[in-house]
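This is start_7.cif. It holds mmCIF, C-alpha atoms and all ligand atoms.
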data_start
#
loop_
_atom_site.label_atom_id
_atom_site.label_comp_id
_atom_site.auth_asym_id
_atom_site.auth_seq_id
_atom_site.Cartn_x
_atom_site.Cartn_y
_atom_site.Cartn_z
CA MET A 1 -0.06 18.77 -0.12
CA ASP A 2 -1.44 18.00 -3.54
CA CYS A 3 -0.82 14.25 -3.31
CA ALA A 4 -2.11 13.46 -6.78
CA LYS A 5 0.29 15.95 -8.31
CA LEU A 6 3.30 15.08 -6.18
CA PHE A 7 3.14 11.32 -5.97
CA ARG A 8 0.80 9.90 -8.60
CA VAL A 9 2.20 7.94 -11.55
CA LYS A 10 0.50 9.22 -14.71
CA PRO A 11 -1.43 6.42 -16.34
CA GLY A 12 0.35 5.18 -19.43
CA SER A 13 3.71 6.74 -18.47
CA LYS A 14 7.05 5.02 -18.24
CA VAL A 15 8.57 5.13 -14.76
CA LYS A 16 12.26 5.75 -14.05
CA LEU A 17 12.77 5.48 -10.33
CA THR A 18 16.01 7.47 -10.44
CA ASP A 19 13.84 10.46 -11.43
CA TRP A 20 11.96 10.19 -8.12
CA ASP A 21 13.91 11.48 -5.11
CA PRO A 22 13.22 9.26 -2.07
CA SER A 23 14.43 11.98 0.33
CA VAL A 24 12.23 14.95 -0.59
CA THR A 25 9.97 16.28 2.13
CA HIS A 26 8.09 18.97 0.18
CA GLY A 27 8.55 21.92 2.48
CA PHE A 28 8.42 20.04 5.78
CA LYS A 29 11.69 20.56 7.63
CA ASP A 30 11.66 17.73 10.11
CA LYS A 31 9.61 15.33 12.16
CA ASP A 32 8.40 18.08 14.49
CA ALA A 33 7.15 20.18 11.62
CA ALA A 34 5.09 17.26 10.35
CA LYS A 35 3.83 16.06 13.74
CA ALA A 36 0.79 18.31 14.05
CA GLU A 37 -0.31 17.61 10.50
CA LEU A 38 0.00 13.84 10.95
CA ALA A 39 -2.01 13.99 14.19
CA GLU A 40 -4.66 16.02 12.41
CA ASN A 41 -4.84 13.49 9.59
CA VAL A 42 -5.16 10.60 12.02
CA ASP A 43 -8.11 12.42 13.65
CA LYS A 44 -9.71 13.10 10.28
CA LEU A 45 -9.26 9.47 9.30
CA GLU A 46 -11.12 8.32 12.36
CA HIS A 47 -14.13 10.38 11.35
CA LEU A 48 -13.91 9.42 7.67
CA GLN A 49 -13.64 5.76 8.56
CA THR A 50 -16.77 5.99 10.69
CA MET A 51 -18.62 7.53 7.75
CA LEU A 52 -17.43 4.77 5.40
CA TYR A 53 -18.49 2.13 7.90
CA ALA A 54 -21.85 3.73 8.60
CA GLU A 55 -22.63 4.21 4.93
CA GLY A 56 -21.80 0.54 4.41
CA ARG A 57 -21.93 0.64 0.64
CA ARG A 58 -18.34 0.97 -0.46
CA SER A 59 -14.84 0.01 0.63
CA LEU A 60 -11.28 1.28 0.38
CA LEU A 61 -8.23 -0.82 -0.40
CA LEU A 62 -4.73 0.47 0.32
CA VAL A 63 -1.96 -1.55 -1.32
CA LEU A 64 1.52 -1.12 0.19
CA GLN A 65 4.59 -2.31 -1.67
CA GLY A 66 8.26 -1.56 -1.24
CA MET A 67 11.69 -3.11 -0.85
CA ASP A 68 12.62 -4.73 2.50
CA THR A 69 12.86 -2.09 5.28
CA SER A 70 10.88 0.45 3.24
CA GLY A 71 8.43 0.67 6.14
CA LYS A 72 5.26 -1.16 5.15
CA ASP A 73 4.63 -2.28 8.75
CA GLY A 74 5.61 1.09 10.22
CA THR A 75 3.21 2.90 7.93
CA VAL A 76 0.33 0.72 9.04
CA ARG A 77 1.28 1.24 12.70
CA HIS A 78 1.46 5.02 12.49
CA VAL A 79 -1.25 5.90 10.01
CA PHE A 80 -3.94 3.59 11.34
CA SER A 81 -3.16 4.15 15.02
CA GLY A 82 -6.29 6.18 15.75
CA LEU A 83 -8.78 4.09 13.82
CA ASN A 84 -11.44 1.76 15.10
CA PRO A 85 -9.89 -1.71 14.58
CA THR A 86 -13.32 -3.10 13.73
CA GLY A 87 -13.29 -1.23 10.45
CA VAL A 88 -9.78 -2.05 9.28
CA GLU A 89 -8.42 -5.33 8.03
CA VAL A 90 -4.70 -5.70 7.38
CA THR A 91 -3.44 -8.65 5.34
CA SER A 92 0.22 -9.53 4.88
CA PHE A 93 0.97 -11.69 1.88
CA GLY A 94 3.93 -14.05 2.22
CA LYS A 95 5.02 -16.93 0.04
CA PRO A 96 1.91 -18.65 -1.34
CA THR A 97 1.01 -22.01 0.16
CA GLU A 98 0.69 -25.14 -1.98
CA ARG A 99 -3.06 -24.79 -1.89
CA GLU A 100 -2.83 -21.18 -3.03
CA LEU A 101 -0.47 -22.18 -5.82
CA ASP A 102 -3.09 -24.64 -7.04
CA HIS A 103 -5.24 -21.64 -7.98
CA ASP A 104 -4.72 -18.58 -10.15
CA PHE A 105 -2.51 -15.94 -8.51
CA LEU A 106 -5.43 -13.63 -7.74
CA TRP A 107 -7.45 -16.23 -5.86
CA ARG A 108 -5.93 -15.59 -2.44
CA ILE A 109 -5.95 -11.84 -3.08
CA HIS A 110 -9.63 -11.65 -3.98
CA ALA A 111 -10.52 -13.53 -0.81
CA ARG A 112 -8.99 -10.73 1.28
CA THR A 113 -10.41 -7.65 -0.45
CA PRO A 114 -12.36 -5.41 1.94
CA ARG A 115 -16.08 -5.91 2.25
CA ARG A 116 -18.46 -2.93 2.14
CA GLY A 117 -17.81 -0.40 4.87
CA MET A 118 -14.25 -1.57 5.49
CA ILE A 119 -10.76 -0.31 4.86
CA GLY A 120 -8.47 -3.11 3.70
CA VAL A 121 -4.70 -2.79 3.80
CA PHE A 122 -2.45 -5.12 1.83
CA ASN A 123 1.09 -5.42 3.14
CA ARG A 124 2.54 -6.87 -0.09
CA SER A 125 -0.04 -7.97 -2.59
CA HIS A 126 -0.76 -9.42 -6.02
CA TYR A 127 2.11 -7.23 -7.25
CA GLU A 128 4.57 -9.76 -5.79
CA ASP A 129 3.47 -11.91 -8.72
CA VAL A 130 5.19 -9.52 -11.12
CA LEU A 131 8.05 -8.66 -8.72
CA VAL A 132 9.62 -11.53 -6.79
CA VAL A 133 8.11 -14.01 -9.24
CA ARG A 134 9.79 -12.19 -12.11
CA VAL A 135 13.15 -11.46 -10.46
CA ALA A 136 13.56 -14.86 -8.82
CA ASN A 137 12.35 -16.64 -11.94
CA LEU A 138 9.56 -18.45 -10.13
CA GLN A 139 7.52 -18.47 -13.33
CA PRO A 140 8.57 -18.10 -16.97
CA LYS A 141 8.26 -14.70 -18.60
CA ALA A 142 5.37 -15.97 -20.72
CA VAL A 143 3.39 -16.35 -17.48
CA TRP A 144 4.25 -13.18 -15.52
CA SER A 145 4.20 -10.87 -18.53
CA GLU A 146 0.47 -11.57 -18.99
CA ARG A 147 -0.23 -10.54 -15.44
CA TYR A 148 -0.09 -6.75 -15.83
CA ASP A 149 -3.24 -6.82 -17.95
CA GLN A 150 -4.81 -9.42 -15.68
CA ILE A 151 -4.15 -7.20 -12.66
CA ASN A 152 -5.61 -4.16 -14.41
CA ASP A 153 -8.75 -6.11 -15.33
CA PHE A 154 -9.09 -7.43 -11.77
CA GLU A 155 -8.70 -3.95 -10.27
CA THR A 156 -11.22 -2.53 -12.75
CA MET A 157 -13.72 -5.15 -11.68
CA LEU A 158 -13.17 -4.34 -7.98
CA THR A 159 -13.59 -0.63 -8.64
CA GLU A 160 -16.79 -1.17 -10.58
CA ASN A 161 -18.10 -3.09 -7.61
CA GLY A 162 -17.55 -0.34 -5.06
CA THR A 163 -13.93 -0.63 -3.95
CA THR A 164 -11.72 2.44 -4.22
CA ILE A 165 -8.12 1.38 -4.74
CA LEU A 166 -5.08 3.34 -3.64
CA LYS A 167 -1.61 1.94 -4.27
CA CYS A 168 1.58 3.21 -2.62
CA PHE A 169 5.14 2.25 -3.43
CA LEU A 170 7.34 3.19 -0.48
CA HIS A 171 10.44 4.40 -2.25
CA ILE A 172 13.77 4.20 -0.39
CA SER A 173 17.35 4.45 -1.64
CA LYS A 174 19.80 1.56 -1.57
CA ASP A 175 21.94 3.49 0.97
CA GLU A 176 18.97 3.99 3.26
CA GLN A 177 18.26 0.27 3.08
CA ARG A 178 21.85 -0.48 4.12
CA THR A 179 21.47 1.76 7.18
CA ARG A 180 18.17 0.13 8.15
CA LEU A 181 19.45 -3.43 7.67
CA GLN A 182 22.54 -2.59 9.75
CA GLU A 183 20.27 -1.26 12.50
CA ARG A 184 18.36 -4.53 12.48
CA LEU A 185 21.62 -6.38 13.04
CA LYS A 186 22.92 -4.03 15.74
CA ASP A 187 19.81 -3.42 17.79
CA PRO A 188 18.72 -6.49 19.83
CA GLU A 189 15.15 -5.13 19.74
CA LYS A 190 15.24 -5.28 15.96
CA ASN A 191 17.22 -8.51 15.45
CA TRP A 192 14.05 -10.51 14.93
CA LYS A 193 13.26 -8.48 11.83
CA PHE A 194 16.51 -9.38 10.13
CA GLN A 195 16.37 -12.27 7.74
CA PRO A 196 19.52 -13.52 6.00
CA GLY A 197 17.44 -13.88 2.82
CA ASP A 198 17.08 -10.08 2.77
CA LEU A 199 20.75 -9.80 1.76
CA ALA A 200 20.24 -12.01 -1.29
CA VAL A 201 17.30 -9.83 -2.33
CA ARG A 202 19.41 -6.70 -1.75
CA LYS A 203 22.00 -8.08 -4.19
CA GLN A 204 19.28 -8.02 -6.84
CA TRP A 205 18.39 -4.39 -6.11
CA ASP A 206 18.61 -3.25 -9.74
CA ALA A 207 16.49 -6.10 -11.04
CA TYR A 208 13.82 -5.30 -8.43
CA GLN A 209 13.88 -1.60 -9.29
CA ALA A 210 13.36 -2.51 -12.95
CA ALA A 211 10.49 -4.84 -12.05
CA TYR A 212 8.93 -2.09 -9.93
CA GLU A 213 9.28 0.42 -12.75
CA ASP A 214 7.29 -1.87 -15.05
CA ALA A 215 4.62 -2.62 -12.45
CA LEU A 216 4.18 1.05 -11.54
CA GLY A 217 4.07 2.17 -15.16
CA LYS A 218 1.86 -0.58 -16.58
CA CYS A 219 -0.58 -0.74 -13.66
CA SER A 220 -1.15 2.90 -12.74
CA THR A 221 -4.65 3.42 -14.08
CA PRO A 222 -7.12 6.28 -13.58
CA HIS A 223 -9.23 4.12 -11.27
CA ALA A 224 -6.35 2.44 -9.38
CA PRO A 225 -3.38 4.79 -9.50
CA TRP A 226 0.09 4.07 -8.15
CA HIS A 227 1.80 6.63 -5.93
CA ILE A 228 5.52 6.81 -5.38
CA ILE A 229 6.01 7.87 -1.77
CA PRO A 230 9.40 9.34 -0.80
CA ALA A 231 10.19 7.04 2.13
CA ASN A 232 13.78 7.73 3.21
CA ASN A 233 12.29 9.82 6.04
CA LYS A 234 9.86 7.71 7.98
CA TRP A 235 7.93 10.71 9.31
CA PHE A 236 7.38 12.10 5.81
CA ARG A 237 6.30 8.69 4.51
CA ASN A 238 3.67 8.49 7.26
CA LEU A 239 2.49 12.00 6.62
CA ALA A 240 2.23 11.48 2.86
CA VAL A 241 0.28 8.22 3.13
CA SER A 242 -2.07 9.67 5.75
CA GLU A 243 -2.68 12.72 3.58
CA LEU A 244 -3.40 10.56 0.56
CA LEU A 245 -5.90 8.51 2.55
CA VAL A 246 -7.65 11.61 3.85
CA GLN A 247 -7.91 13.11 0.37
CA THR A 248 -9.22 9.84 -1.10
CA LEU A 249 -11.82 9.27 1.60
CA GLU A 250 -12.96 12.89 1.43
CA ALA A 251 -13.42 12.56 -2.32
CA MET A 252 -15.60 9.49 -1.72
CA LYS A 253 -18.11 11.75 0.11
CA CYS A 254 -19.58 9.02 2.27
CA GLU A 255 -22.98 9.77 3.74
CA LEU A 256 -24.71 8.52 6.83
CA PRO A 257 -27.73 6.42 5.89
CA LYS A 258 -30.98 8.30 6.49
CA ALA A 259 -33.40 6.86 9.00
CA SER A 260 -36.75 5.88 7.51
CA ALA A 261 -39.88 7.87 8.36
CA GLU A 262 -41.08 4.91 10.44
CA VAL A 263 -37.93 4.83 12.54
CA LEU A 264 -38.14 8.57 13.13
CA LYS A 265 -41.66 8.13 14.51
CA LEU A 266 -40.50 5.59 17.12
CA LYS A 267 -40.23 6.56 20.78
CA VAL A 268 -38.00 5.00 23.37
CA GLU A 269 -39.96 4.77 26.63
P1 LIG B 301 8.03 -9.03 5.15
O1 LIG B 301 9.34 -9.20 4.48
O2 LIG B 301 7.01 -8.36 4.27
O3 LIG B 301 8.12 -8.39 6.52
P2 LIG B 301 7.93 -11.88 5.29
O4 LIG B 301 9.26 -12.00 5.92
O5 LIG B 301 6.83 -12.83 5.68
O6 LIG B 301 7.36 -10.43 5.44
O7 LIG B 301 8.19 -11.96 3.71
C1 LIG B 301 7.24 -12.25 2.83
C2 LIG B 301 7.93 -12.93 1.67
O8 LIG B 301 6.95 -13.54 0.87
C3 LIG B 301 8.72 -11.98 0.81
O9 LIG B 301 10.00 -12.48 0.59
C4 LIG B 301 7.93 -11.96 -0.48
O10 LIG B 301 8.72 -11.73 -1.61
C5 LIG B 301 7.31 -13.33 -0.47
N1 LIG B 301 6.12 -13.38 -1.32
C6 LIG B 301 4.99 -12.65 -1.22
N2 LIG B 301 4.15 -12.94 -2.23
C7 LIG B 301 4.76 -13.86 -3.00
C8 LIG B 301 4.40 -14.56 -4.18
N3 LIG B 301 3.22 -14.35 -4.77
N4 LIG B 301 5.27 -15.47 -4.67
C9 LIG B 301 6.44 -15.69 -4.06
N5 LIG B 301 6.85 -15.07 -2.94
C10 LIG B 301 6.02 -14.16 -2.41
#

Starting from the file, give its structure as structure tokens.
Amino acid sequence: MDCAKLFRVKPGSKVKLTDWDPSVTHGFKDKDAAKAELAENVDKLEHLQTMLYAEGRRSLLLVLQGMDTSGKDGTVRHVFSGLNPTGVEVTSFGKPTERELDHDFLWRIHARTPRRGMIGVFNRSHYEDVLVVRVANLQPKAVWSERYDQINDFETMLTENGTTILKCFLHISKDEQRTRLQERLKDPEKNWKFQPGDLAVRKQWDAYQAAYEDALGKCSTPHAPWHIIPANNKWFRNLAVSELLVQTLEAMKCELPKASAEVLKLKVE
């Protein structure tokens, strides 16, 4: 799959989410058809992660955003299943604490960016500060409207300092969300995931889609592009994100550090 071509938001373009079909599976018929490819990607990722870790000079940050039930947790579970946990750090961003609110909105984000050699995954991110903050009116427009540029500057700085940034919006339809929320209510195993607040957010679906369209359009840059991942089919979502990660890490061409001439002369008795 040519992930850049299929999923990437062209920098400087305007996004209309209704133009992006959340159900497409690009030639893969069903879960079984995608299974082997996903397993292969998970294997490749294990090797690529080891190279990133061993090289120890750069890092990768995967940002996951999406409406409730879009599968941010599920993606992490499936795509990172084969990786060495030592090299991956997942951070979920909830409502900011009072202490966090006493700083600029990027303060808590910067503190969790991956150090050299690591893969960092953000389950929600600084983008909440132009999504929920905008839709729920947590800050006036004068404040959140400045943040697109601030985010772009922040991400440029991270990139220039050795972090490759990959951003995925897990795109589901409103109908698919209904089905998934109903499942959470019906299935005792999933009850814990249901939060009554999710229904209030669902009522504001259109406002969130509009906020996402702005965030995806204004903040897809050549160095930190947004990808719109068709996520109505969980198996395709996992495959697409894994493929994107493989392609990105391969393009980074990580190299094992070379042993010095002195080390090569050593003998273990
Ligand atoms: P999730 O829904 O991702 O499984 P939670 O139930 O902990 O996890 O929800 C996290 C909540 O925190 C979401 O409602 C999200 O909108 C909110 N949140 C995240 N970042 C911010 C922010 N910067 N300002 C306000 N609310 C935020």

**Message:** Using only C-alpha atoms for the distances, tell me which of A:Ser81, A:Gln150, A:Asn137, A:Gln65 is nearest to Cys219 of chain A.
**Reply:** A:Gln150

**Request:** Throw together the list of residues within 6 Å of ligand LIG 301 (chain B), counting only C-alpha atoms and all ligand atoms, and drop it here as number ranges by chain.
**Result:** A: 68, 93-96, 128-129, 132-133

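Near Leu256 of chain A, within 8 Å and counting only C-alpha atoms, sit Met51, Ala54 and Glu55 of chain A; same-chain residues fewer than 6 positions away were not included.
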
Include C-alpha atoms and write out the residues we just selected as an mmCIF file, keeping the file's coordinate frame.
data_model
loop_
_atom_site.group_PDB
_atom_site.id
_atom_site.type_symbol
_atom_site.label_atom_id
_atom_site.label_comp_id
_atom_site.auth_asym_id
_atom_site.auth_seq_id
_atom_site.Cartn_x
_atom_site.Cartn_y
_atom_site.Cartn_z
ATOM 1 C CA MET A 51 -18.620 7.530 7.750
ATOM 2 C CA ALA A 54 -21.850 3.730 8.600
ATOM 3 C CA GLU A 55 -22.630 4.210 4.930
#

**Message:** At a cut-off of 10 Å, using all atoms listed in the file, what residues contact Phe194 of chain A? Leave out same-chain residues fewer than 3 positions from it and give the result as a list in words.
**Reply:** Asp68, Thr69, Arg180, Leu181, Gln182, Glu183, Arg184, Leu185, Lys190, Asn191, Gly197, Asp198 and Leu199 of chain A

Export of the given selection (C-alpha atoms) as a short mmCIF file (atom, residue, chain, number, x, y, z; two decimals), keeping the file's coordinate frame:
data_model
loop_
_atom_site.label_atom_id
_atom_site.label_comp_id
_atom_site.auth_asym_id
_atom_site.auth_seq_id
_atom_site.Cartn_x
_atom_site.Cartn_y
_atom_site.Cartn_z
CA ASP A 68 12.62 -4.73 2.50
CA THR A 69 12.86 -2.09 5.28
CA ARG A 180 18.17 0.13 8.15
CA LEU A 181 19.45 -3.43 7.67
CA GLN A 182 22.54 -2.59 9.75
CA GLU A 183 20.27 -1.26 12.50
CA ARG A 184 18.36 -4.53 12.48
CA LEU A 185 21.62 -6.38 13.04
CA LYS A 190 15.24 -5.28 15.96
CA ASN A 191 17.22 -8.51 15.45
CA GLY A 197 17.44 -13.88 2.82
CA ASP A 198 17.08 -10.08 2.77
CA LEU A 199 20.75 -9.80 1.76
#

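With distances taken over all atoms listed in the file, A:Val63 is the one residue among A:Val63, A:Leu170, A:Cys254, A:Ala215 lying closest to Gly120 of chain A.
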
**Request:** Within 12 Å of (-8.1, 15.1, -0.1) (coordinates as in the file), grab all the protein and nucleic acid residues, counting only C-alpha atoms, and write them out as a count of residues only.
**Result:** 23

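With only C-alpha atoms as the atoms that count, the residue of A:Leu62, A:Ala261, A:Val88, A:Leu106 with the shortest distance to Trp226 of chain A is A:Leu62.
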
Write out as a PDB file with C-alpha atoms, in the frame of the given file each polymer residue whose atoms come within 9 Å of Leu61 of chain A, counting all atoms listed in the file; drop sequence neighbours fewer than 4 positions from it.
ATOM      1  CA  THR A 113     -10.410  -7.650  -0.450  1.00  0.00           C
ATOM      2  CA  PRO A 114     -12.360  -5.410   1.940  1.00  0.00           C
ATOM      3  CA  MET A 118     -14.250  -1.570   5.490  1.00  0.00           C
ATOM      4  CA  ILE A 119     -10.760  -0.310   4.860  1.00  0.00           C
ATOM      5  CA  GLY A 120      -8.470  -3.110   3.700  1.00  0.00           C
ATOM      6  CA  VAL A 121      -4.700  -2.790   3.800  1.00  0.00           C
ATOM      7  CA  PHE A 122      -2.450  -5.120   1.830  1.00  0.00           C
ATOM      8  CA  THR A 163     -13.930  -0.630  -3.950  1.00  0.00           C
ATOM      9  CA  THR A 164     -11.720   2.440  -4.220  1.00  0.00           C
ATOM     10  CA  ILE A 165      -8.120   1.380  -4.740  1.00  0.00           C
ATOM     11  CA  LEU A 166      -5.080   3.340  -3.640  1.00  0.00           C
ATOM     12  CA  LYS A 167      -1.610   1.940  -4.270  1.00  0.00           C
TER      13      LYS A 167
END

Padding 4 Å on every side, please: axis-aligned box over the listed atoms of segment 65-81 of chain A, centre and edge lengths to one decimal in Å, as AutoDock Vina command-line options.
--center_x 4.5 --center_y 0.6 --center_z 6.7 --size_x 24.8 --size_y 18.6 --size_z 24.7

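Distances here use all atoms listed in the file; by that measure, the residue among A:Tyr148, A:Arg112, A:Phe236, A:Val263 closest to Ala33 of chain A is A:Phe236.
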
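Considering all atoms listed in the file, the residue among A:Asp206, A:Asp43, A:Asp214, A:Glu176 positioned nearest to Asn233 of chain A is A:Glu176.
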
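Atom CA of Glu89 of chain A is positioned 16.7 Å from atom CA of Leu158 of chain A.
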
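Straight-line separation from atom CA of Glu40 of chain A to atom CA of Gly82 of chain A: 10.5 Å.
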
**Request:** Would you mind reading off the distance between atom CA of Val201 of chain A and atom CA of His171 of chain A, one decimal, in Å?
**Result:** 15.8 Å

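Nearest to Lys193 of chain A of all the residues A:Val24, A:Ser173, A:Asp73, A:Ser59 is A:Asp73, counting only C-alpha atoms.
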
**Message:** So that I can see what lies close to Gly74 of chain A, please list as a ChimeraX atom specification the residues with an atom at most 9 Å from it, counting all atoms listed in the file and leaving out residues fewer than 4 positions away in the same chain.
**Reply:** /A:70,78-79,234,238

**Message:** Need the shell around Leu83 of chain A: protein/DNA/RNA residues with any atom at most 8 Å away, counting all atoms listed in the file. Skip same-chain ones fewer than 6 positions apart. Format as a list in words?
**Reply:** Val42, Leu45, Glu46 and Gln49 of chain A
